[in-house]
Each structure stands twice: as C-alpha cells, then as structure tokens.
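Source file: upload.cif. Holds: mmCIF, C-alpha atoms; chains and numbers go by the auth columns.
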data_model
loop_
_atom_site.group_PDB
_atom_site.id
_atom_site.type_symbol
_atom_site.label_atom_id
_atom_site.label_comp_id
_atom_site.label_asym_id
_atom_site.label_seq_id
_atom_site.Cartn_x
_atom_site.Cartn_y
_atom_site.Cartn_z
_atom_site.B_iso_or_equiv
_atom_site.auth_seq_id
_atom_site.auth_asym_id
ATOM 1 C CA MET A 1 50.551 -24.266 7.044 0.00 228 V
ATOM 2 C CA ASN A 2 53.200 -23.601 4.435 0.00 229 V
ATOM 3 C CA LYS A 3 54.212 -20.202 3.080 0.00 230 V
ATOM 4 C CA SER A 4 52.349 -20.514 -0.216 0.00 231 V
ATOM 5 C CA LYS A 5 49.025 -21.134 1.540 0.00 232 V
ATOM 6 C CA ILE A 6 49.605 -18.199 3.882 0.00 233 V
ATOM 7 C CA ALA A 7 50.502 -15.993 0.927 0.00 234 V
ATOM 8 C CA GLY A 8 47.368 -17.126 -0.925 0.00 235 V
ATOM 9 C CA VAL A 9 45.082 -16.366 2.006 0.00 236 V
ATOM 10 C CA LEU A 10 46.783 -13.030 2.659 0.00 237 V
ATOM 11 C CA GLY A 11 46.547 -12.116 -1.021 0.00 238 V
ATOM 12 C CA THR A 12 42.851 -12.928 -1.101 0.00 239 V
ATOM 13 C CA VAL A 13 42.174 -10.863 2.017 0.00 240 V
ATOM 14 C CA LEU A 14 44.152 -7.932 0.626 0.00 241 V
ATOM 15 C CA ALA A 15 42.397 -8.187 -2.727 0.00 242 V
ATOM 16 C CA PHE A 16 38.972 -7.927 -1.100 0.00 243 V
ATOM 17 C CA SER A 17 39.878 -5.383 1.580 0.00 244 V
ATOM 18 C CA PRO A 18 38.900 -2.309 -0.504 0.00 245 V
ATOM 19 C CA ALA A 19 35.483 -3.830 -1.124 0.00 246 V
ATOM 20 C CA ILE A 20 35.077 -4.543 2.575 0.00 247 V
ATOM 21 C CA ALA A 21 36.302 -1.087 3.581 0.00 248 V
ATOM 22 C CA LEU A 22 33.922 0.638 1.181 0.00 249 V
ATOM 23 C CA ALA A 23 30.996 -1.659 1.918 0.00 250 V
ATOM 24 C CA GLN A 24 28.711 0.722 3.709 0.00 251 V
ATOM 25 C CA GLY A 25 24.967 0.778 3.876 0.00 252 V
ATOM 26 C CA SER A 26 23.152 -1.134 1.200 0.00 253 V
ATOM 27 C CA GLN A 27 26.268 -2.769 -0.281 0.00 254 V
ATOM 28 C CA LEU A 28 27.069 -4.464 3.012 0.00 255 V
ATOM 29 C CA LEU A 29 23.444 -5.480 3.491 0.00 256 V
ATOM 30 C CA ASN A 30 23.323 -6.891 -0.036 0.00 257 V
ATOM 31 C CA LEU A 31 26.475 -8.922 0.637 0.00 258 V
ATOM 32 C CA LEU A 32 25.091 -10.258 3.926 0.00 259 V
ATOM 33 C CA GLY A 33 21.773 -11.051 2.228 0.00 260 V
ATOM 34 C CA LEU A 34 23.601 -12.980 -0.490 0.00 261 V
ATOM 35 C CA ILE A 35 25.574 -14.977 2.089 0.00 262 V
ATOM 36 C CA GLU A 36 22.368 -15.722 4.008 0.00 263 V
ATOM 37 C CA THR A 37 20.636 -16.907 0.836 0.00 264 V
ATOM 38 C CA ILE A 38 23.525 -19.197 -0.108 0.00 265 V
ATOM 39 C CA VAL A 39 23.754 -20.729 3.372 0.00 266 V
ATOM 40 C CA SER A 40 19.997 -21.182 3.727 0.00 267 V
ATOM 41 C CA ARG A 41 19.863 -23.017 0.393 0.00 268 V
ATOM 42 C CA LEU A 42 23.000 -25.053 1.086 0.00 269 V
ATOM 43 C CA ILE A 43 21.926 -26.573 4.432 0.00 270 V
ATOM 44 C CA PRO A 44 19.002 -28.654 3.081 0.00 271 V
ATOM 45 C CA VAL A 45 21.191 -29.816 0.184 0.00 272 V
ATOM 46 C CA LEU A 46 23.903 -30.991 2.603 0.00 273 V
ATOM 47 C CA VAL A 47 21.317 -32.783 4.745 0.00 274 V
ATOM 48 C CA ALA A 48 19.935 -34.500 1.645 0.00 275 V
ATOM 49 C CA ILE A 49 23.418 -35.589 0.531 0.00 276 V
ATOM 50 C CA ALA A 50 24.205 -36.999 3.981 0.00 277 V
ATOM 51 C CA LEU A 51 20.869 -38.835 4.058 0.00 278 V
ATOM 52 C CA ILE A 52 21.421 -40.292 0.583 0.00 279 V
ATOM 53 C CA TYR A 53 24.918 -41.397 1.626 0.00 280 V
ATOM 54 C CA PHE A 54 23.433 -43.127 4.680 0.00 281 V
ATOM 55 C CA ILE A 55 20.757 -44.848 2.574 0.00 282 V
ATOM 56 C CA VAL A 56 23.335 -46.060 0.045 0.00 283 V
ATOM 57 C CA GLY A 57 25.357 -47.504 2.933 0.00 284 V
ATOM 58 C CA LEU A 58 22.221 -49.171 4.288 0.00 285 V
ATOM 59 C CA ILE A 59 21.469 -50.734 0.919 0.00 286 V
ATOM 60 C CA ARG A 60 25.052 -51.978 0.633 0.00 287 V
ATOM 61 C CA PHE A 61 24.848 -53.429 4.133 0.00 288 V
ATOM 62 C CA VAL A 62 21.547 -55.224 3.500 0.00 289 V
ATOM 63 C CA ILE A 63 22.255 -56.699 0.064 0.00 290 V
ATOM 64 C CA ALA A 64 25.945 -57.424 0.615 0.00 291 V
ATOM 65 C CA GLY A 65 27.123 -60.812 -0.511 0.00 292 V
ATOM 66 C CA ASN A 66 30.430 -60.811 1.290 0.00 293 V
ATOM 67 C CA GLU A 67 31.734 -59.462 4.572 0.00 294 V
ATOM 68 C CA GLU A 68 33.909 -56.742 2.979 0.00 295 V
ATOM 69 C CA THR A 69 30.980 -55.074 1.200 0.00 296 V
ATOM 70 C CA ARG A 70 28.938 -55.390 4.384 0.00 297 V
ATOM 71 C CA ALA A 71 31.702 -53.620 6.357 0.00 298 V
ATOM 72 C CA ASP A 72 31.856 -50.858 3.722 0.00 299 V
ATOM 73 C CA GLY A 73 28.107 -50.389 4.014 0.00 300 V
ATOM 74 C CA LYS A 74 28.343 -50.188 7.791 0.00 301 V
ATOM 75 C CA LYS A 75 31.142 -47.619 7.490 0.00 302 V
ATOM 76 C CA MET A 76 29.066 -45.521 5.075 0.00 303 V
ATOM 77 C CA MET A 77 26.091 -45.623 7.439 0.00 304 V
ATOM 78 C CA TRP A 78 28.212 -44.421 10.368 0.00 305 V
ATOM 79 C CA TRP A 79 29.682 -41.542 8.358 0.00 306 V
ATOM 80 C CA GLY A 80 26.196 -40.629 7.122 0.00 307 V
ATOM 81 C CA ILE A 81 24.953 -40.516 10.714 0.00 308 V
ATOM 82 C CA VAL A 82 27.961 -38.427 11.793 0.00 309 V
ATOM 83 C CA ALA A 83 27.422 -35.991 8.909 0.00 310 V
ATOM 84 C CA LEU A 84 23.710 -35.631 9.695 0.00 311 V
ATOM 85 C CA PHE A 85 24.471 -35.118 13.384 0.00 312 V
ATOM 86 C CA VAL A 86 27.093 -32.436 12.702 0.00 313 V
ATOM 87 C CA ILE A 87 24.949 -30.552 10.173 0.00 314 V
ATOM 88 C CA VAL A 88 21.809 -30.574 12.303 0.00 315 V
ATOM 89 C CA SER A 89 23.761 -29.757 15.495 0.00 316 V
ATOM 90 C CA ILE A 90 25.455 -26.719 13.955 0.00 317 V
ATOM 91 C CA TRP A 91 22.143 -25.611 12.459 0.00 318 V
ATOM 92 C CA GLY A 92 20.494 -25.938 15.881 0.00 319 V
ATOM 93 C CA ILE A 93 23.295 -24.143 17.728 0.00 320 V
ATOM 94 C CA VAL A 94 23.166 -21.208 15.303 0.00 321 V
ATOM 95 C CA SER A 95 19.362 -21.033 15.650 0.00 322 V
ATOM 96 C CA TYR A 96 19.655 -21.175 19.447 0.00 323 V
ATOM 97 C CA ILE A 97 22.210 -18.357 19.526 0.00 324 V
ATOM 98 C CA ALA A 98 20.097 -16.289 17.142 0.00 325 V
ATOM 99 C CA ASN A 99 17.082 -16.855 19.389 0.00 326 V
ATOM 100 C CA ILE A 100 19.038 -15.771 22.489 0.00 327 V
ATOM 101 C CA LEU A 101 20.229 -12.611 20.725 0.00 328 V
ATOM 102 C CA GLY A 102 16.711 -11.865 19.480 0.00 329 V
ATOM 103 C CA ILE A 103 17.561 -12.258 15.818 0.00 330 V
ATOM 104 C CA ASN A 104 14.813 -13.553 13.544 0.00 331 V
ATOM 105 C CA ALA A 105 13.778 -13.277 9.915 0.00 332 V
ATOM 106 C CA ASN A 106 12.110 -9.901 10.513 0.00 333 V
ATOM 107 C CA THR A 107 15.067 -8.321 12.320 0.00 334 V
ATOM 108 C CA THR A 108 16.738 -5.480 10.470 0.00 335 V
ATOM 109 C CA VAL A 109 20.234 -4.384 11.300 0.00 336 V
ATOM 110 C CA THR A 110 21.344 -0.840 10.579 0.00 337 V
ATOM 111 C CA PRO A 111 25.086 -0.822 9.950 0.00 338 V
ATOM 112 C CA PRO A 112 27.079 2.058 11.374 0.00 339 V
ATOM 113 C CA GLY A 113 27.906 4.832 8.980 0.00 340 V
ATOM 114 C CA VAL A 114 30.483 7.579 8.782 0.00 341 V
ATOM 115 C CA THR A 115 29.134 11.005 9.686 0.00 342 V
ATOM 116 C CA GLY A 116 30.646 14.451 9.727 0.00 343 V
ATOM 117 C CA LEU A 117 32.685 14.227 6.532 0.00 344 V
ATOM 118 C CA GLY A 118 31.624 17.711 5.457 0.00 345 V
ATOM 119 C CA ARG A 119 29.094 16.691 2.869 0.00 346 V
#
Step by step, read the file and then write its structure as structure tokens.
Amino acid sequence: MNKSKIAGVLGTVLAFSPAIALAQGSQLLNLLGLIETIVSRLIPVLVAIALIYFIVGLIRFVIAGNEETRADGKKMMWWGIVALFVIVSIWGIVSYIANILGINANTTVTPPGVTGLGR
C-alpha cells in the first residue's frame, strides 16, 4: 500500500472520528440501522447480478458458434457460480453467527452511555 492510499484512509478516519466519538444513544442506533438497511437491500441485488451473469454465460455457451465464444461463456458461468457461492456463504455465516449470539430482528441493543458528568 503506497503512502497516498494510507494518507487517504487515515484522513477519512480522522475526518469521521468526531462523529464516531459523539455518536451516543440514538445517533449511533440510527447509523447502525442505516447500515443494516443498506446491507439488507444490497445482498439480494448482488445475488441477482451474479445470477444474471451466470445466465448470460450459459446463453453464450449454448448458442456459441465458435470455440472462443463457448470458452468465454464457460468462464462467465464459473465466475457466476463462484460469486453466488461467496455471497450466499457469507450471508449464511453471518446468519449462523447471529443465531449463536442470540441476535435476531427483534433484538435491541442498548449502547453504553457516559454517566456522572454532573448534569
């Protein structure tokens, strides 16, 4: 990793650190809720894209006139299968870990707060 990438990542972290440090209570929960919403909507879209990629590869493989197009179709099918496997595996592993930890859609997490500040 070169210095400019490290500086960019460090700058981003430092830019958002006040927001993270002050994110107590409902602000933190709102941020986590937003991340959960984005991820839960993104997973089916990624699965659909991988499935469409596989189907396009299958169509190329079936209707190919020459061996090069047929090989490209086969390659697309393999990458579609790999993408589907990775997406569904990660989704399953996260669900399994959440199940072990007892986390479900109805679980509420109370973040720790700062007490005794004289207010």
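Between CA of Met303 in chain V and CA of Phe281 in chain V there is a distance of 6.1 Å.
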Return as AutoDock Vina command-line options the centre and edge lengths, in Å with one decimal, of the box along x, y and z that encloses every atom of range 277-284 of chain V in the file, padded by 6 Å per side.
--center_x 23.1 --center_y -42.3 --center_z 2.4 --size_x 16.6 --size_y 22.5 --size_z 16.6
Practice task
Taking the point (19.1, -39.0, 5.2) as given in the file, collect each protein or nucleic acid residue that comes within 12 Å of it, counting all atoms listed in the file, and present the set as a ChimeraX atom specification.
Solution key: /V:271-285,303-312,314-315
Problem - Straight-line distance linking CA of Asn257 in chain V with CA of Gly340 in chain V, stated in Å to one decimal - result: 15.5 Å
Exercise for the section: Find the residues near Thr296 in chain V: any atom within 8 Å, counting all atoms listed in the file, skip ones fewer than 5 places away on the same chain, and give them as JSON, numbers by chain. Expected result: {"V": [287, 288, 291]}
Completion exercise
re CA of Asn331 in chain V and CA of Thr264 in chain V: distance 14.4 Å
